[in-house]
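S.K.: Just one file: model_14.pdb, with PDB, C-alpha atoms.
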```pdb
MODEL        1
ATOM      1  CA  MET A1439     -82.024 142.034  46.162
ATOM      2  CA  GLU A1440     -85.731 141.487  46.047
ATOM      3  CA  ARG A1441     -86.499 138.210  44.338
ATOM      4  CA  SER A1442     -89.810 137.472  42.710
ATOM      5  CA  GLY A1443     -89.036 133.784  42.309
ATOM      6  CA  ALA A1444     -88.312 131.401  39.495
ATOM      7  CA  SER A1445     -90.858 131.054  36.757
ATOM      8  CA  GLN A1446     -91.742 127.727  35.221
ATOM      9  CA  PHE A1447     -89.325 128.666  32.420
ATOM     10  CA  GLY A1448     -86.250 128.817  34.648
ATOM     11  CA  LEU A1449     -86.007 132.608  34.477
ATOM     12  CA  VAL A1450     -85.407 134.362  37.771
ATOM     13  CA  ILE A1451     -86.802 137.856  37.662
ATOM     14  CA  MET A1452     -85.187 140.244  40.115
ATOM     15  CA  MET A1453     -85.397 143.919  40.923
ATOM     16  CA  PRO A1454     -83.030 145.852  43.183
ATOM     17  CA  ALA A1455     -84.574 146.238  46.628
ATOM     18  CA  ASN A1456     -83.414 149.792  47.328
ATOM     19  CA  ALA A1457     -83.234 153.156  45.621
ATOM     20  CA  PRO A1458     -80.209 154.184  43.556
ATOM     21  CA  VAL A1459     -76.988 155.021  45.339
ATOM     22  CA  SER A1460     -76.331 158.679  46.092
ATOM     23  CA  GLY A1461     -74.938 160.474  43.042
ATOM     24  CA  ILE A1462     -76.758 158.229  40.592
ATOM     25  CA  ARG A1463     -79.091 160.009  38.205
ATOM     26  CA  GLU A1464     -82.277 158.124  37.356
ATOM     27  CA  VAL A1465     -83.928 158.825  33.992
ATOM     28  CA  PHE A1466     -87.457 157.602  33.213
ATOM     29  CA  LEU A1467     -88.220 156.906  29.553
ATOM     30  CA  HIS A1468     -91.712 157.524  28.231
ATOM     31  CA  PRO A1469     -92.816 155.945  24.931
ATOM     32  CA  GLY A1470     -90.793 157.529  22.139
ATOM     33  CA  ASP A1471     -87.901 158.536  24.418
ATOM     34  CA  PHE A1472     -84.289 157.439  24.303
ATOM     35  CA  HIS A1473     -81.333 158.222  26.542
ATOM     36  CA  PHE A1474     -77.591 157.581  26.240
ATOM     37  CA  ALA A1475     -75.244 158.268  29.149
ATOM     38  CA  GLY A1476     -72.197 157.387  31.224
ATOM     39  CA  GLN A1477     -71.616 155.445  34.419
ATOM     40  CA  ASP A1478     -73.590 157.610  36.817
ATOM     41  CA  THR A1479     -76.984 156.862  35.269
ATOM     42  CA  ARG A1480     -79.840 154.419  35.699
ATOM     43  CA  ILE A1481     -82.514 154.344  32.969
ATOM     44  CA  VAL A1482     -85.978 152.980  33.778
ATOM     45  CA  THR A1483     -89.151 152.420  31.778
ATOM     46  CA  LEU A1484     -92.425 150.514  31.704
ATOM     47  CA  LEU A1485     -93.300 148.412  28.648
ATOM     48  CA  GLY A1486     -96.378 146.770  27.177
ATOM     49  CA  SER A1487     -96.441 146.252  23.405
ATOM     50  CA  CYS A1488     -93.601 148.770  23.081
ATOM     51  CA  VAL A1489     -90.039 147.483  22.822
ATOM     52  CA  SER A1490     -86.885 148.708  24.528
ATOM     53  CA  ILE A1491     -83.422 148.044  23.203
ATOM     54  CA  THR A1492     -80.519 148.594  25.575
ATOM     55  CA  VAL A1493     -76.962 149.003  24.301
ATOM     56  CA  TRP A1494     -73.874 149.008  26.511
ATOM     57  CA  SER A1495     -70.111 149.019  25.964
ATOM     58  CA  PRO A1496     -68.119 147.075  28.572
ATOM     59  CA  ARG A1497     -64.938 148.922  27.501
ATOM     60  CA  LEU A1498     -66.326 152.456  27.508
ATOM     61  CA  ARG A1499     -68.889 151.939  30.310
ATOM     62  CA  VAL A1500     -71.490 153.941  28.392
ATOM     63  CA  GLY A1501     -74.846 152.888  27.077
ATOM     64  CA  GLY A1502     -78.409 153.764  26.424
ATOM     65  CA  MET A1503     -81.963 152.664  25.972
ATOM     66  CA  CYS A1504     -84.770 153.457  23.567
ATOM     67  CA  HIS A1505     -88.499 152.852  24.071
ATOM     68  CA  PHE A1506     -90.346 152.639  20.769
ATOM     69  CA  MET A1507     -94.051 152.225  20.053
ATOM     70  CA  LEU A1508     -94.212 151.201  16.384
ATOM     71  CA  PRO A1509     -91.745 149.501  14.020
ATOM     72  CA  SER A1510     -91.538 152.309  11.443
ATOM     73  CA  ARG A1511     -93.425 155.270  10.040
ATOM     74  CA  GLY A1512     -92.217 154.438   6.541
ATOM     75  CA  VAL A1513     -90.934 157.556   4.848
ATOM     76  CA  ILE A1514     -89.404 160.251   7.048
ATOM     77  CA  PRO A1515     -90.830 163.619   5.965
ATOM     78  CA  GLU A1516     -88.285 165.946   4.378
ATOM     79  CA  GLY A1517     -86.602 168.113   6.984
ATOM     80  CA  ALA A1518     -87.984 166.068   9.890
ATOM     81  CA  SER A1519     -85.707 164.829  12.647
ATOM     82  CA  TYR A1520     -85.669 161.220  13.810
ATOM     83  CA  ASP A1521     -88.626 160.264  15.977
ATOM     84  CA  GLY A1522     -88.024 157.804  18.825
ATOM     85  CA  ARG A1523     -91.600 156.529  18.642
ATOM     86  CA  TYR A1524     -90.540 154.394  15.661
ATOM     87  CA  GLY A1525     -88.105 151.496  16.014
ATOM     88  CA  ASP A1526     -85.953 152.195  12.979
ATOM     89  CA  GLU A1527     -85.536 155.851  13.952
ATOM     90  CA  ALA A1528     -85.034 155.137  17.672
ATOM     91  CA  MET A1529     -82.194 152.792  16.746
ATOM     92  CA  LEU A1530     -80.660 155.493  14.538
ATOM     93  CA  LEU A1531     -80.734 157.887  17.498
ATOM     94  CA  LEU A1532     -78.772 155.353  19.569
ATOM     95  CA  MET A1533     -76.401 154.665  16.666
ATOM     96  CA  LYS A1534     -75.674 158.382  16.261
ATOM     97  CA  LYS A1535     -74.561 158.496  19.909
ATOM     98  CA  ILE A1536     -72.303 155.471  19.372
ATOM     99  CA  TRP A1537     -70.805 156.912  16.170
ATOM    100  CA  ASN A1538     -70.296 160.331  17.818
ATOM    101  CA  LEU A1539     -68.072 158.598  20.388
ATOM    102  CA  GLY A1540     -65.978 157.199  17.551
ATOM    103  CA  ALA A1541     -66.916 153.739  18.792
ATOM    104  CA  ASP A1542     -67.548 150.629  16.735
ATOM    105  CA  PRO A1543     -71.103 149.296  17.242
ATOM    106  CA  VAL A1544     -69.778 145.712  17.429
ATOM    107  CA  GLU A1545     -68.184 146.491  20.802
ATOM    108  CA  PHE A1546     -71.648 147.117  22.265
ATOM    109  CA  GLU A1547     -73.940 144.505  23.763
ATOM    110  CA  ALA A1548     -77.705 144.659  23.321
ATOM    111  CA  LYS A1549     -80.638 143.418  25.339
ATOM    112  CA  VAL A1550     -84.210 143.456  24.021
ATOM    113  CA  PHE A1551     -87.406 143.621  26.065
ATOM    114  CA  GLY A1552     -91.145 144.014  25.568
ATOM    115  CA  GLY A1553     -93.372 143.467  22.585
ATOM    116  CA  ALA A1554     -96.206 142.018  24.645
ATOM    117  CA  ASN A1555     -99.612 141.316  23.199
ATOM    118  CA  MET A1556    -101.676 143.610  25.386
ATOM    119  CA  PHE A1557    -104.986 142.337  23.938
ATOM    120  CA  PRO A1558    -104.469 138.561  23.664
ATOM    121  CA  MET A1559    -108.177 137.734  23.406
ATOM    122  CA  GLN A1560    -108.765 140.262  20.605
ATOM    123  CA  CYS A1561    -105.480 140.298  18.706
ATOM    124  CA  GLN A1562    -104.629 136.866  17.331
ATOM    125  CA  LYS A1563    -103.366 137.805  13.848
ATOM    126  CA  LYS A1564     -99.687 138.677  13.555
ATOM    127  CA  GLU A1565    -100.426 141.725  11.362
ATOM    128  CA  MET A1566    -102.588 143.144  14.139
ATOM    129  CA  ASN A1567    -100.126 142.342  16.934
ATOM    130  CA  VAL A1568     -98.044 145.513  17.317
ATOM    131  CA  GLY A1569     -95.831 143.871  19.933
ATOM    132  CA  GLU A1570     -94.817 141.075  17.566
ATOM    133  CA  ARG A1571     -94.038 143.558  14.781
ATOM    134  CA  ASN A1572     -91.953 145.648  17.212
ATOM    135  CA  ILE A1573     -89.965 142.549  18.221
ATOM    136  CA  GLU A1574     -89.212 141.713  14.589
ATOM    137  CA  MET A1575     -88.004 145.258  13.966
ATOM    138  CA  ALA A1576     -85.713 145.256  17.017
ATOM    139  CA  LEU A1577     -84.089 141.940  16.106
ATOM    140  CA  THR A1578     -83.659 143.004  12.467
ATOM    141  CA  LEU A1579     -82.034 146.319  13.442
ATOM    142  CA  LEU A1580     -79.564 144.728  15.833
ATOM    143  CA  GLN A1581     -78.580 142.217  13.180
ATOM    144  CA  ARG A1582     -78.173 145.035  10.624
ATOM    145  CA  TYR A1583     -75.787 146.952  12.925
ATOM    146  CA  GLU A1584     -74.006 143.739  14.012
ATOM    147  CA  ILE A1585     -74.686 144.307  17.707
ATOM    148  CA  LEU A1586     -74.658 141.085  19.700
ATOM    149  CA  ILE A1587     -77.857 140.329  21.621
ATOM    150  CA  LYS A1588     -76.830 139.199  25.111
ATOM    151  CA  ALA A1589     -80.341 138.759  26.527
ATOM    152  CA  LYS A1590     -83.981 139.166  25.637
ATOM    153  CA  HIS A1591     -87.359 138.849  27.315
ATOM    154  CA  ILE A1592     -89.915 139.419  24.591
ATOM    155  CA  GLY A1593     -93.459 138.539  23.599
ATOM    156  CA  SER A1594     -96.025 136.968  25.895
ATOM    157  CA  ASP A1595     -98.510 139.425  27.396
ATOM    158  CA  GLY A1596     -98.549 141.892  30.277
ATOM    159  CA  HIS A1597     -96.213 144.670  31.255
ATOM    160  CA  ARG A1598     -92.538 144.822  32.136
ATOM    161  CA  ASN A1599     -90.728 147.185  34.492
ATOM    162  CA  LEU A1600     -87.209 147.649  33.185
ATOM    163  CA  MET A1601     -84.107 149.222  34.707
ATOM    164  CA  LEU A1602     -80.656 149.622  33.082
ATOM    165  CA  ASP A1603     -77.673 150.401  35.312
ATOM    166  CA  ILE A1604     -75.149 152.040  32.979
ATOM    167  CA  TRP A1605     -72.229 151.563  35.399
ATOM    168  CA  SER A1606     -72.497 147.755  35.065
ATOM    169  CA  GLY A1607     -74.635 147.104  31.990
ATOM    170  CA  ASP A1608     -77.022 145.099  34.182
ATOM    171  CA  VAL A1609     -80.679 145.179  33.275
ATOM    172  CA  TRP A1610     -83.297 144.430  35.898
ATOM    173  CA  LEU A1611     -86.705 143.162  34.846
ATOM    174  CA  LYS A1612     -90.022 142.567  36.528
ATOM    175  CA  HIS A1613     -92.674 140.975  34.294
ATOM    176  CA  GLN A1614     -96.368 140.979  35.224
ATOM    177  CA  PRO A1615     -98.397 138.784  32.824
ATOM    178  CA  LEU A1616    -102.013 139.711  32.074
ATOM    179  CA  THR A1617    -103.079 136.083  32.229
ATOM    180  CA  GLN A1618    -102.157 132.973  34.065
ATOM    181  CA  SER A1619    -102.471 130.904  30.886
ATOM    182  CA  GLY A1620     -98.932 129.594  31.138
ATOM    183  CA  ALA A1621     -97.994 131.042  27.770
ATOM    184  CA  GLU A1622     -94.228 131.133  27.593
ATOM    185  CA  PRO A1623     -92.400 134.366  26.723
ATOM    186  CA  ARG A1624     -90.528 134.033  23.436
ATOM    187  CA  ALA A1625     -86.828 133.379  23.973
TER
ENDMDL
END
```
Give the structure from this file in structure tokens form.
M.R.:
Amino acid sequence: MERSGASQFGLVIMMPANAPVSGIREVFLHPGDFHFAGQDTRIVTLLGSCVSITVWSPRLRVGGMCHFMLPSRGVIPEGASYDGRYGDEAMLLLMKKIWNLGADPVEFEAKVFGGANMFPMQCQKKEMNVGERNIEMALTLLQRYEILIKAKHIGSDGHRNLMLDIWSGDVWLKHQPLTQSGAEPRA
């Protein structure tokens, strides 16, 4: 494992040192994407103010990730399909996969990442901070569907490289703050 060291907050941020094992399919999520798969998959993404929710079932060894940009678009136009760019709809896309398996959402574990303030010097008000609003939406949705949050690395500023290994449920994170201000990520 490559180790980036311990932060002043006691969080050790690690990334796997080598490429995925042969036979492992790697899927990159762009903003608005989601993916749900079985054991032979690794899902990766890059976050700023966007938020990713990962869900994983230890019993079924399946899981997924969404990467949403905004909390909600409000009203879904008639006849429109769900749009993964919006948190409430991205979560519904994941939930549909869980329900299609006949699984109970409570047997899944969630991890939440992202929601950084990408413009900390210009965006001080909560209403203007998209990252903060995305975090609130993610936490609200997981509570609504009664999915236990096992880990989170949210808020602060900068970008996060994220990698979910479906075969184990492990999530690897590398956080690169924009500033050296010492502002602590929200726990």
S.K.: Would you write out, as CSV, a table of all residues in range 1490-1559 of chain A that have an atom no more than 7 Å from an atom of range 1568-1579 of chain A, listing for each the closest atom pair and the distance in Å to one decimal, considering all atoms listed in the file and ordering rows by chain and rising residue number?
M.R.:
```
residue,atom,partner,partner_atom,distance
A:Leu1508,CA,A:Asn1572,CA,6.1
A:Pro1509,CA,A:Asn1572,CA,5.0
A:Gly1525,CA,A:Met1575,CA,6.6
A:Gly1553,CA,A:Gly1569,CA,3.6
A:Ala1554,CA,A:Gly1569,CA,5.1
A:Asn1555,CA,A:Gly1569,CA,5.6
```
S.K.: Determine the residue membership of the PyMOL selection byres ((chain A and resi 1535-1541) around 10) for the file above and supply it as a PyMOL selection string.
M.R.: chain A and resi 1473-1475+1493-1495+1498+1500-1502+1530-1534+1542-1546
S.K.: Could you tell me which of A:Met1529, A:Phe1551, A:Arg1480, A:Val1465 comes closest to Ile1585 in chain A if we count all atoms listed in the file?
M.R.: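 Between A:Met1529, A:Phe1551, A:Arg1480, A:Val1465, the residue approaching Ile1585 in chain A most closely is A:Met1529.
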S.K.: May I have the centre and edge lengths, in Å to one decimal, of an axis-aligned box around the listed atoms of range 1594-1600 of chain A with 3 Å added to every side, as lines of an AutoDock Vina configuration file?
M.R.:
```
center_x = -92.9
center_y = 142.3
center_z = 30.2
size_x = 17.3
size_y = 16.7
size_z = 14.6
```
S.K.: I need the residue set behind the PyMOL selection byres ((chain A and resi 1597-1611) around 7) for this file; please write it as a ChimeraX atom specification.
M.R.: /A:1451-1453,1476-1486,1494,1499-1501,1552,1595-1596,1612-1615
